[in-house]
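K.L.:
Supplied in structure tokens, the structure appears directly below.
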Amino acid sequence: MEKTFLMIKPDGVQRGLIGEIVKRFEQKGFQLVASKLMVINRELAELHYAEHKGKDFFELLVKFITSGPVFAMVWEGDQVIALSRTMIGKTNSLEAAPGTIRGDFAVHTRLNLIHGSDSPESAEREIGNFFKPEEFVTYNKAIESWI
Ligand code: RTP
Ligand code: MG
């Protein structure tokens with residue numbers, strides 16, 4: 001089953017939106033298999049956002065993502081990587097559609113509440129950056145066959 005790395009950013013934690021955001025992925029039918037509240041240090045921030053190193057927004061991004069607790073999660077499900085990106089919404093705040101997490105709750109392109117892996121390669125790399133194998137919990141849900 002496909003897995004993705006999702007992370008509620010410091011603005012989402014500070015605004016009390018963990019429950020609202022987790023609820024959306026649960027209701028969609030995805031399964032939470034690992035999670036933790038943590039503070040990201042600069043080293044992990046630079047590793048996580050390595051693809052953006054050198055861009056004009058990189059420093060502000062690192063400062064933001066290390067500014068307070070984040071809620072890191074691994075979710076599992078059919079096509080969870082692409083579908084969770086659709087549920088999150090576009091990066092540009094002017095393009096994030098209503099009904100998406102960013103479209104419903106965010107007005108800023110940087111303070112945009114949640115990160116989601118953008119490909120199977122990113123998901124594997126990001127999950128490995130944040131979680132050890134023993135932090136995963138595998139379990140069967142009786143409802144699974146209905147989704
Ligand atoms: P993420 O990686 O956090 O899931 O976001 P994303 O794929 O939608 O967007 P990406 O291009 O990977 O950018 C990473 C994060 O950097 C901040 N950002 N600021 N022009 C800007 O000021 C700007 N552009 C991007 C956002 O927090 C974005 O989510
Ligand atoms: Mg990205």
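In the structure tokens, each chain is lettered A, B, ... as it comes, each chain's residues begin at 1, and ligands are numbered from 1 in order of appearance.
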At a cut-off of 12 Å, using only C-alpha atoms, what residues contact Gly103 (chain A)? Leave out same-chain residues fewer than 5 positions from it and give the result as a PyMOL selection string.
P.N.:
chain A and resi 86-98+108-109+112-114
K.L.:
What's the 12 Å shell around Pro10 (chain A), counting only C-alpha atoms, without same-chain residues fewer than 4 positions away, as a list in words?
P.N.:
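My list of contacting residues is Gln14, Arg15, Gly16, Leu17, Ile18, Leu37, Met38, Val39, Ile40, Leu61, Val62, Lys63, Phe64, Ile65, Thr66, Ser67, Gly68, Pro69, Val70, Phe71, Ala72, Arg110, Leu111, Asn112, Leu113, Ile114 and His115 of chain A.
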K.L.:
Neighbouring residues of ligand 2 are defined here as those with any atom at most 7 Å from a ligand atom, counting only C-alpha atoms and all ligand atoms; list them as a list of chain:residue names.
P.N.:
A:His115, A:Gly116, A:Ser117, A:Asp118
K.L.:
Next, write the just-selected residues to a file, as a short mmCIF file (atom, residue, chain, number, x, y, z; two decimals), in the first residue's frame, keeping N, CA, C and O atoms as the atom set.
P.N.:
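The resulting file, result.cif, is reproduced below:
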data_model
loop_
_atom_site.label_atom_id
_atom_site.label_comp_id
_atom_site.auth_asym_id
_atom_site.auth_seq_id
_atom_site.Cartn_x
_atom_site.Cartn_y
_atom_site.Cartn_z
N HIS A 115 2.49 20.34 4.70
CA HIS A 115 3.37 19.82 3.66
C HIS A 115 2.88 18.43 3.25
O HIS A 115 2.43 17.65 4.09
N GLY A 116 3.03 18.12 1.96
CA GLY A 116 2.76 16.76 1.49
C GLY A 116 3.78 16.36 0.45
O GLY A 116 4.15 17.17 -0.41
N SER A 117 4.25 15.11 0.50
CA SER A 117 5.22 14.61 -0.49
C SER A 117 4.63 14.74 -1.89
O SER A 117 3.44 14.49 -2.10
N ASP A 118 5.49 15.10 -2.86
CA ASP A 118 4.98 15.34 -4.22
C ASP A 118 5.22 14.20 -5.20
O ASP A 118 4.84 14.30 -6.37
#
K.L.:
Report the residues of chain A whose backbone DSSP state falls under strand (DSSP E), written as number ranges by chain.
P.N.:
A: 3-8, 31-38, 70-76, 114-116
K.L.:
Could you write those residues out with C-alpha atoms, as a PDB file, in the first residue's frame?
P.N.:
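Once everything was written out, this is result.pdb:
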ATOM      1  CA  LYS A   3       2.557   5.742   1.891  1.00  0.00           C
ATOM      2  CA  THR A   4       3.101   9.497   2.047  1.00  0.00           C
ATOM      3  CA  PHE A   5       4.657  11.967   4.436  1.00  0.00           C
ATOM      4  CA  LEU A   6       2.379  14.777   5.615  1.00  0.00           C
ATOM      5  CA  MET A   7       3.358  17.440   8.115  1.00  0.00           C
ATOM      6  CA  ILE A   8       1.227  20.108   9.743  1.00  0.00           C
ATOM      7  CA  GLN A  31      -4.927   5.292   7.474  1.00  0.00           C
ATOM      8  CA  LEU A  32      -2.543   6.957   9.911  1.00  0.00           C
ATOM      9  CA  VAL A  33       0.453   4.656  10.481  1.00  0.00           C
ATOM     10  CA  ALA A  34       2.935   6.961  12.274  1.00  0.00           C
ATOM     11  CA  SER A  35       2.831  10.418  13.850  1.00  0.00           C
ATOM     12  CA  LYS A  36       4.623  12.698  16.282  1.00  0.00           C
ATOM     13  CA  LEU A  37       4.675  16.274  17.535  1.00  0.00           C
ATOM     14  CA  MET A  38       8.224  17.584  17.214  1.00  0.00           C
ATOM     15  CA  VAL A  70       5.112  20.550  13.699  1.00  0.00           C
ATOM     16  CA  PHE A  71       2.925  17.438  13.563  1.00  0.00           C
ATOM     17  CA  ALA A  72       4.671  14.870  11.373  1.00  0.00           C
ATOM     18  CA  MET A  73       2.632  11.976   9.987  1.00  0.00           C
ATOM     19  CA  VAL A  74       2.781   9.013   7.652  1.00  0.00           C
ATOM     20  CA  TRP A  75      -0.485   8.094   5.956  1.00  0.00           C
ATOM     21  CA  GLU A  76      -1.230   4.988   3.956  1.00  0.00           C
ATOM     22  CA  ILE A 114       0.686  21.573   5.648  1.00  0.00           C
ATOM     23  CA  HIS A 115       3.366  19.817   3.656  1.00  0.00           C
ATOM     24  CA  GLY A 116       2.764  16.762   1.489  1.00  0.00           C
TER      25      GLY A 116
END
K.L.:
Please report, as JSON, numbers by chain, each residue of chain A to which DSSP assigns alpha helix (DSSP H) when run on this structure's backbone.
P.N.:
{"A": [10, 11, 12, 13, 14, 18, 19, 20, 21, 22, 23, 24, 25, 26, 27, 28, 42, 43, 44, 45, 46, 47, 48, 58, 59, 60, 61, 62, 63, 64, 65, 80, 81, 82, 83, 84, 85, 86, 87, 88, 101, 102, 103, 104, 105, 120, 121, 122, 123, 124, 125, 126, 127, 128, 129, 130]}
K.L.:
Please measure the separation of CA of Lys28 (chain A) and CA of Val80 (chain A), giving the value in Å to one decimal.
P.N.:
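For CA of Lys28 (chain A) relative to CA of Val80 (chain A), the distance reads 9.8 Å.
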K.L.:
Identify which of the residues A:Asp11, A:Gly29, A:Val22, A:Phe57 lies closest to ligand 1, counting only C-alpha atoms and all ligand atoms when measuring atom-to-atom distances.
P.N.:
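Ranking A:Asp11, A:Gly29, A:Val22, A:Phe57 by distance to ligand 1, first place goes to A:Phe57.
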